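Below is one structure; the comments refer to it alone.
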Amino acid sequence: MSRETNLNGTKRKRSDVAEKVAQRWKSVRYSAEMENMAPVNSNNDSDDCVIVSESKIIDLTNQEQDLSERIETNDTAKGAVFKLMKSDFYEREDFMGEVEDMITLKDIFGTETLKRSILFSFQYELDFLLRQFHQNVENITIVGQKGTIMPIEARAMDATLAVILKKVKLIEITMPPFASHHTKLIINFYDNGECKIFLPSNNFTSMETNLPQQVCWCSPLLKIGKEGLPVPFKRSLIEYLNSYHLKDIDELITKSVEEVNFAPLSELEFVYSTPSKFQSSGLLSFYNKLEKLSAGTSASDTAKHYLCQTSSIGTSLSRARDENLWTHLMIPLFTGIMSPPAKDTAGRKKAEILPTNSLINEYSQRKIKPYIIFPTEQEFVTSPLKWSSSGWFHFQYLQKKSYYEMLRNKFKVFYKQDPAMVTRRRGTTPAHSKFYMHCATNSAGSCDASQVFKELEWCLYTSANLSQTAWGTVSRKPRNYEAGVLYHSRRLANTRKVTCRTFTRDRRGCAGNPTHVAVPFTLPVIPYDLAEDECFCLARHEND
């Protein structure tokens with residue numbers, strides 16, 4: 001057994017698993033050193049911008065696994081909004097961009113009216129995180145996985161941190177190997193009795209917040225009180241909290257959430273994964289929600305587009321065959337190519353996955369087009385800080401190249417940002433967010449690529465990467481905790497489509513008709529050049 005530091009810097013024993021996590025974190029330089037980074041507009045093309053002591057590539061996460069206005073409790077926005085996380089590297093002091101599109105952790109935690117804050121995440125760097133809070137906060141509840149919470153080092157402790165630290169209540173979750181408490185969720189309560197919910201794409205560490213592109217979904221203000229009608233979002237959120245089966249979560253979190261009026265979120269759904277054997281979640285739960293909402297909406301004369309933007313792609317569903325979760329299971333389920341899951345004689349749900357060539361033929365006949373947005377090797381080379389953000393992106397396809405070649409060469413599923421449309425400051429820096437979306441276009445005439453994914457049938461923004469660990473399958477439960485929010489056109493008033501824009505070029509909608517979703521990648525995306533582009537793979541750089 002090894003020893004680790006408590007939140008206040010004192011020593012205690014830690015497990016062998018926690019020791020391995022600690023060793024992985026040792027190569028990272030933290031927020032105190034960020035000021036030494038080269039400016040974004042520097043002409044220096046050397047590796048001086050890289051934030052590691054020994055290697056170009058920072059492996060910080062499990063494999064499967066423009067300045068904004070401050071957010072005060074008198075916010076009058078009627079609906080939920082997406083904001084781009086402001087970066088200390090890409091938006092420096094001279095930044096004069098679209099301020100309304102951006103948010104910082106200081107905006108979320110630093111308001112003097114914040115009374116209680118509840119945080120769920122996979123990684124916490126407490127020295128960085130706790131400095132974001134205003135001293136008026138009374139209580140901070142942290143829900144995190146054992147071995148992923150970095151304590152404050154004694155040399156970094158100061159009076160301000162000491163005061164905030166005393167207000168922290170830590171709820172640690174024990175996870176089995178190769179599973180993660182991957183949810184990223186913030187529930188804030190303010191001194192006037194209002195509540196606000198945030199879903200950031202980043203964990204609470206300095207480098208992850210600032211190096212890859214990150215976004216944050218922000219709820220409208222929620223009052224304390226009862227809803228007139230049941231709200232599915234609230235029901236699912238409480239189901240998720242109950243899935244922990246922990247008294248501390250029931251007493252400190254669930255009871256408070258039950259008192260909130262979620263009526264402003266009545267058009268949205270909360271989608272989650274949990275390893276709890278007592279609840280349906282992950283892929284099957286998401287599929288059931290889509291089936292309920294999408295009944296009767298299919299049209300034979302439309303082309304159907306399904307896009308997944310992810311920071312991690314899991315291994316094949318089968319050891320014997322090359323089968324991807326998106327192309328071979330999720331899209332076939334959503335489109336009816338695959339029959340609804342049925343129970344076998346043992347009571348287990350099963351689904352028949354079609355061979356690759358049969359699926360490609362079905363996609364062609366049914367006018368189905370799959371997309372996976374994943375960064376290329378070249379996108380890191382041309383990004384402002386080059387390889388510095390690469391440690392948050394995982395696709396270890398060198399272990400089974402036939403699986404990768406099936407996706408790349410047969411399905412031609414990989415897409416990237418259009419380099420002609422990226423912003424000057426962020427360039428081709430990849431996004432750590434996870435979006436799953438579907439739209440339909442008229443198949444009779446030529447398709448205007450610039451309009452694809454501007455009006456959606458549905459869009460899911462989530463912490464869940466494209467892996468079995470995050471989603472589970474038809475017959476297997478998820479291994480992770482994950483959380484996200486679903487926009488569906490059938491839940492919107494006046495049969496509207498879910499509108500979508502990109503932070504890179506599009507302006508916010510006019511005051512009377514704002515877009516529902518904003519994404520941190522270009523729209524349209526463009527296909528990989530099969531002669532030149534390869535998916536980024538961490539294993540290629542392990543000896544760099």
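As shown in the structure tokens, the chain order sets the letters A, B, ...; within each chain, residues go from 1, and ligands are also counted from 1 in the order they appear.
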Practice problem: Might you pull out every residue within 10 Å of Leu222 in chain A, with only C-alpha atoms counted and same-chain residues fewer than 3 positions away left off, and present them as a list in words? | Solution: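 Contacts, in chain order: Thr73, Phe189, Gly193, Glu194, Cys195, Lys196, Ile197, Ser219, Gly225, Val260, Asn261, Phe262, Ala263, Pro264 and Leu265 of chain A.
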Go ahead and write the residues just picked, N, CA and C atoms, as a compact mmCIF listing (two decimals), in the first residue's frame.
```
# COMPACT_ATOMS: atom_id res chain seq x y z
N THR A 73 -28.22 35.12 -10.70
CA THR A 73 -29.51 34.45 -10.55
C THR A 73 -30.67 35.28 -11.07
N PHE A 189 -27.49 25.95 -6.20
CA PHE A 189 -28.61 26.56 -5.49
C PHE A 189 -28.16 27.93 -4.99
N GLY A 193 -33.28 31.17 -3.44
CA GLY A 193 -34.10 29.99 -3.62
C GLY A 193 -34.16 29.45 -5.03
N GLU A 194 -33.37 29.99 -5.95
CA GLU A 194 -33.37 29.51 -7.32
C GLU A 194 -32.26 28.48 -7.54
N CYS A 195 -32.41 27.74 -8.64
CA CYS A 195 -31.49 26.65 -8.97
C CYS A 195 -31.10 26.75 -10.44
N LYS A 196 -29.90 26.30 -10.75
CA LYS A 196 -29.47 26.24 -12.14
C LYS A 196 -28.60 25.00 -12.33
N ILE A 197 -28.75 24.35 -13.49
CA ILE A 197 -28.03 23.11 -13.78
C ILE A 197 -27.09 23.36 -14.95
N SER A 219 -28.85 25.38 -17.99
CA SER A 219 -30.32 25.39 -17.89
C SER A 219 -30.81 26.82 -17.66
N GLY A 225 -40.44 24.73 -6.02
CA GLY A 225 -41.89 24.57 -6.07
C GLY A 225 -42.28 23.33 -6.84
N VAL A 260 -37.30 21.22 -6.53
CA VAL A 260 -37.16 22.18 -7.62
C VAL A 260 -38.27 21.99 -8.65
N ASN A 261 -38.78 23.10 -9.19
CA ASN A 261 -39.78 23.09 -10.25
C ASN A 261 -39.06 23.02 -11.60
N PHE A 262 -39.17 21.89 -12.29
CA PHE A 262 -38.47 21.68 -13.55
C PHE A 262 -39.33 22.01 -14.77
N ALA A 263 -40.42 22.72 -14.59
CA ALA A 263 -41.30 23.03 -15.72
C ALA A 263 -40.58 23.71 -16.89
N PRO A 264 -39.58 24.61 -16.65
CA PRO A 264 -38.88 25.21 -17.79
C PRO A 264 -38.12 24.21 -18.66
N LEU A 265 -37.92 22.98 -18.17
CA LEU A 265 -37.21 21.96 -18.94
C LEU A 265 -38.18 20.89 -19.45
```
Quiz item: Which of range 144-362 of chain A counts as helix (DSSP H, G or I) under DSSP, as number ranges by chain please?
Solution: A: 154-156, 159-165, 206-210, 232-242, 247-258, 263-265, 282-294, 325-335, 356-362
Quiz prompt | Test item, strand (DSSP E or B) assignment across range 101-204 of chain A, answer as a PyMOL selection string | solution = chain A and resi 102-103+114-120+124-125+139-145+149-150+168-173+181+185-190+195-200+204
Write out, as a PDB file, in the first residue's frame, the residues just selected, with C-alpha atoms.
```pdb
ATOM      1  CA  MET A 102     -18.642  32.053 -23.752  1.00  0.00           C
ATOM      2  CA  ILE A 103     -18.572  30.986 -20.138  1.00  0.00           C
ATOM      3  CA  LEU A 114     -24.252  30.992  -4.864  1.00  0.00           C
ATOM      4  CA  LYS A 115     -25.199  29.146  -1.681  1.00  0.00           C
ATOM      5  CA  ARG A 116     -24.751  25.437  -2.475  1.00  0.00           C
ATOM      6  CA  SER A 117     -22.997  23.657  -5.335  1.00  0.00           C
ATOM      7  CA  ILE A 118     -23.190  19.942  -6.169  1.00  0.00           C
ATOM      8  CA  LEU A 119     -20.589  18.557  -8.563  1.00  0.00           C
ATOM      9  CA  PHE A 120     -20.330  15.230 -10.415  1.00  0.00           C
ATOM     10  CA  TYR A 124     -10.958  16.967  -9.857  1.00  0.00           C
ATOM     11  CA  GLU A 125      -7.906  19.156  -9.406  1.00  0.00           C
ATOM     12  CA  ASN A 139     -21.541  24.132   0.942  1.00  0.00           C
ATOM     13  CA  ILE A 140     -19.793  22.261  -1.894  1.00  0.00           C
ATOM     14  CA  THR A 141     -20.677  18.584  -2.414  1.00  0.00           C
ATOM     15  CA  ILE A 142     -18.254  16.656  -4.642  1.00  0.00           C
ATOM     16  CA  VAL A 143     -19.255  13.264  -6.081  1.00  0.00           C
ATOM     17  CA  GLY A 144     -16.255  11.540  -7.604  1.00  0.00           C
ATOM     18  CA  GLN A 145     -14.548   8.231  -8.224  1.00  0.00           C
ATOM     19  CA  ILE A 149      -9.574  13.510  -6.920  1.00  0.00           C
ATOM     20  CA  MET A 150      -6.263  15.323  -6.717  1.00  0.00           C
ATOM     21  CA  VAL A 168     -16.406  20.643   0.959  1.00  0.00           C
ATOM     22  CA  LYS A 169     -18.324  17.389   1.465  1.00  0.00           C
ATOM     23  CA  LEU A 170     -16.753  14.503  -0.481  1.00  0.00           C
ATOM     24  CA  ILE A 171     -18.794  11.486  -1.652  1.00  0.00           C
ATOM     25  CA  GLU A 172     -16.442   8.903  -3.155  1.00  0.00           C
ATOM     26  CA  ILE A 173     -17.700   6.244  -5.575  1.00  0.00           C
ATOM     27  CA  HIS A 181     -17.766   7.822 -12.869  1.00  0.00           C
ATOM     28  CA  LEU A 185     -22.965  17.672 -13.892  1.00  0.00           C
ATOM     29  CA  ILE A 186     -23.319  20.786 -11.717  1.00  0.00           C
ATOM     30  CA  ILE A 187     -26.410  21.661  -9.664  1.00  0.00           C
ATOM     31  CA  ASN A 188     -26.254  25.148  -8.128  1.00  0.00           C
ATOM     32  CA  PHE A 189     -28.606  26.565  -5.494  1.00  0.00           C
ATOM     33  CA  TYR A 190     -28.662  30.332  -4.868  1.00  0.00           C
ATOM     34  CA  CYS A 195     -31.487  26.648  -8.967  1.00  0.00           C
ATOM     35  CA  LYS A 196     -29.469  26.240 -12.140  1.00  0.00           C
ATOM     36  CA  ILE A 197     -28.027  23.114 -13.778  1.00  0.00           C
ATOM     37  CA  PHE A 198     -24.876  22.925 -15.917  1.00  0.00           C
ATOM     38  CA  LEU A 199     -23.482  20.093 -18.028  1.00  0.00           C
ATOM     39  CA  PRO A 200     -19.863  20.928 -18.941  1.00  0.00           C
ATOM     40  CA  PHE A 204     -12.563  19.891 -13.294  1.00  0.00           C
TER      41      PHE A 204
END
```
Listing only residues of range 315-420 of chain A within 12 Å of range 80-94 of chain A, what is the closest atom pair and its distance in Å (to one decimal) for each, using only C-alpha atoms, sorted by chain and residue number ascending, as JSON lines?
```
{"residue": "A:Ser383", "atom": "CA", "partner": "A:Tyr90", "partner_atom": "CA", "distance": 10.7}
{"residue": "A:Pro384", "atom": "CA", "partner": "A:Tyr90", "partner_atom": "CA", "distance": 8.2}
{"residue": "A:Leu385", "atom": "CA", "partner": "A:Phe89", "partner_atom": "CA", "distance": 8.7}
{"residue": "A:Ser388", "atom": "CA", "partner": "A:Phe89", "partner_atom": "CA", "distance": 11.2}
{"residue": "A:Ser389", "atom": "CA", "partner": "A:Phe89", "partner_atom": "CA", "distance": 11.5}
```
Quiz item: Smallest atom-to-atom distance to Leu398 in chain A: which of A:His541, A:Gln309, A:Ser300, A:Val474, using only C-alpha atoms?
Solution: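 Of all the options, A:His541 lies closest to Leu398 in chain A.
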Considering only C-alpha atoms, return as a PDB file with N, CA and C atoms, in the first residue's frame whatever protein or nucleic-acid residues lie within 12 Å of Val163 in chain A, sequence-local ones (same chain, fewer than 6 positions apart) excluded.
```
ATOM      1  N   ASN A   8      -6.691  18.245   2.760  1.00  0.00           N
ATOM      2  CA  ASN A   8      -6.014  19.350   3.449  1.00  0.00           C
ATOM      3  C   ASN A   8      -4.508  19.185   3.500  1.00  0.00           C
ATOM      4  N   LEU A 130     -11.330  24.780  -6.560  1.00  0.00           N
ATOM      5  CA  LEU A 130     -11.848  25.534  -5.417  1.00  0.00           C
ATOM      6  C   LEU A 130     -11.547  27.021  -5.510  1.00  0.00           C
ATOM      7  N   ARG A 131     -10.550  27.400  -6.306  1.00  0.00           N
ATOM      8  CA  ARG A 131     -10.253  28.822  -6.503  1.00  0.00           C
ATOM      9  C   ARG A 131     -11.310  29.518  -7.361  1.00  0.00           C
ATOM     10  N   PHE A 133     -14.504  29.412  -6.704  1.00  0.00           N
ATOM     11  CA  PHE A 133     -15.679  29.717  -5.880  1.00  0.00           C
ATOM     12  C   PHE A 133     -15.551  31.058  -5.161  1.00  0.00           C
ATOM     13  N   HIS A 134     -16.695  31.718  -5.003  1.00  0.00           N
ATOM     14  CA  HIS A 134     -16.767  32.912  -4.170  1.00  0.00           C
ATOM     15  C   HIS A 134     -16.772  32.483  -2.716  1.00  0.00           C
ATOM     16  N   GLN A 135     -16.187  33.294  -1.869  1.00  0.00           N
ATOM     17  CA  GLN A 135     -16.083  32.944  -0.455  1.00  0.00           C
ATOM     18  C   GLN A 135     -17.437  32.833   0.229  1.00  0.00           C
ATOM     19  N   ASN A 136     -18.498  33.375  -0.376  1.00  0.00           N
ATOM     20  CA  ASN A 136     -19.826  33.317   0.232  1.00  0.00           C
ATOM     21  C   ASN A 136     -20.469  31.935   0.160  1.00  0.00           C
ATOM     22  N   VAL A 137     -19.963  31.049  -0.694  1.00  0.00           N
ATOM     23  CA  VAL A 137     -20.578  29.737  -0.823  1.00  0.00           C
ATOM     24  C   VAL A 137     -20.562  29.033   0.534  1.00  0.00           C
ATOM     25  N   GLU A 138     -21.668  28.345   0.854  1.00  0.00           N
ATOM     26  CA  GLU A 138     -21.791  27.703   2.163  1.00  0.00           C
ATOM     27  C   GLU A 138     -21.470  26.218   2.139  1.00  0.00           C
ATOM     28  N   ASN A 139     -21.731  25.578   0.995  1.00  0.00           N
ATOM     29  CA  ASN A 139     -21.541  24.132   0.942  1.00  0.00           C
ATOM     30  C   ASN A 139     -21.200  23.692  -0.475  1.00  0.00           C
ATOM     31  N   ILE A 140     -20.189  22.831  -0.601  1.00  0.00           N
ATOM     32  CA  ILE A 140     -19.793  22.261  -1.894  1.00  0.00           C
ATOM     33  C   ILE A 140     -19.789  20.744  -1.721  1.00  0.00           C
ATOM     34  N   MET A 157      -1.430  25.358  -0.415  1.00  0.00           N
ATOM     35  CA  MET A 157      -2.494  25.787   0.486  1.00  0.00           C
ATOM     36  C   MET A 157      -2.284  27.234   0.930  1.00  0.00           C
TER      37      MET A 157
END
```
Quiz item: If we count only C-alpha atoms, what is near Lys434 in chain A at a cut-off of 10 Å, once residues fewer than 5 positions away on the same chain are taken out, given as a ChimeraX atom specification?
Solution: /A:201,214-215,308-312,373,460-466,484,519
Exercise. May I ask for the distance between CA of Glu267 in chain A and CA of Phe453 in chain A, given in Å to one decimal place?
Key: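 Here the two named atoms are 19.9 Å from each other.
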Quiz item: Smallest atom-to-atom distance to Ala320 in chain A: which of A:Pro478, A:Pro355, A:Pro341, A:Pro514, using only C-alpha atoms?
Solution: A:Pro355
Exercise. Pick out the residues sitting within 12 Å of Lys367 in chain A, and hand them over as a list in words; count only C-alpha atoms, and ignore anything fewer than 4 positions along from it in its own chain.
Key: Ala299, Ser300, Asp301, Thr302, Ala303, Lys304, His305, Tyr306, Thr335, Ile337, Leu359, Ile360, Asn361, Glu362, Tyr363, Ala440, Thr441, Asn442, Ser443 and Ala444 of chain A
Quiz prompt | Selection near Ser475 in chain A, 10 Å with only C-alpha atoms, sequence-local residues under 2 positions removed, as a ChimeraX atom specification | solution = /A:284,341-343,348-351,472-473,477-478
Quiz prompt | Point-to-point distance in Å for CA of Thr469 in chain A and CA of Lys400 in chain A | solution = 18.2 Å
Quiz prompt | Point-to-point distance in Å for CA of Val271 in chain A and CA of Gly79 in chain A | solution =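 Computed distance, CA of Gly79 in chain A to CA of Val271 in chain A, equals 18.4 Å.
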Exercise. Tell me which protein, DNA and RNA residues are within 7 Å of His182 in chain A, counting only C-alpha atoms, leaving out same-chain ones fewer than 3 positions away, and put them as a VMD selection string.
Key: chain A and resid 121 to 122 463 480 to 482
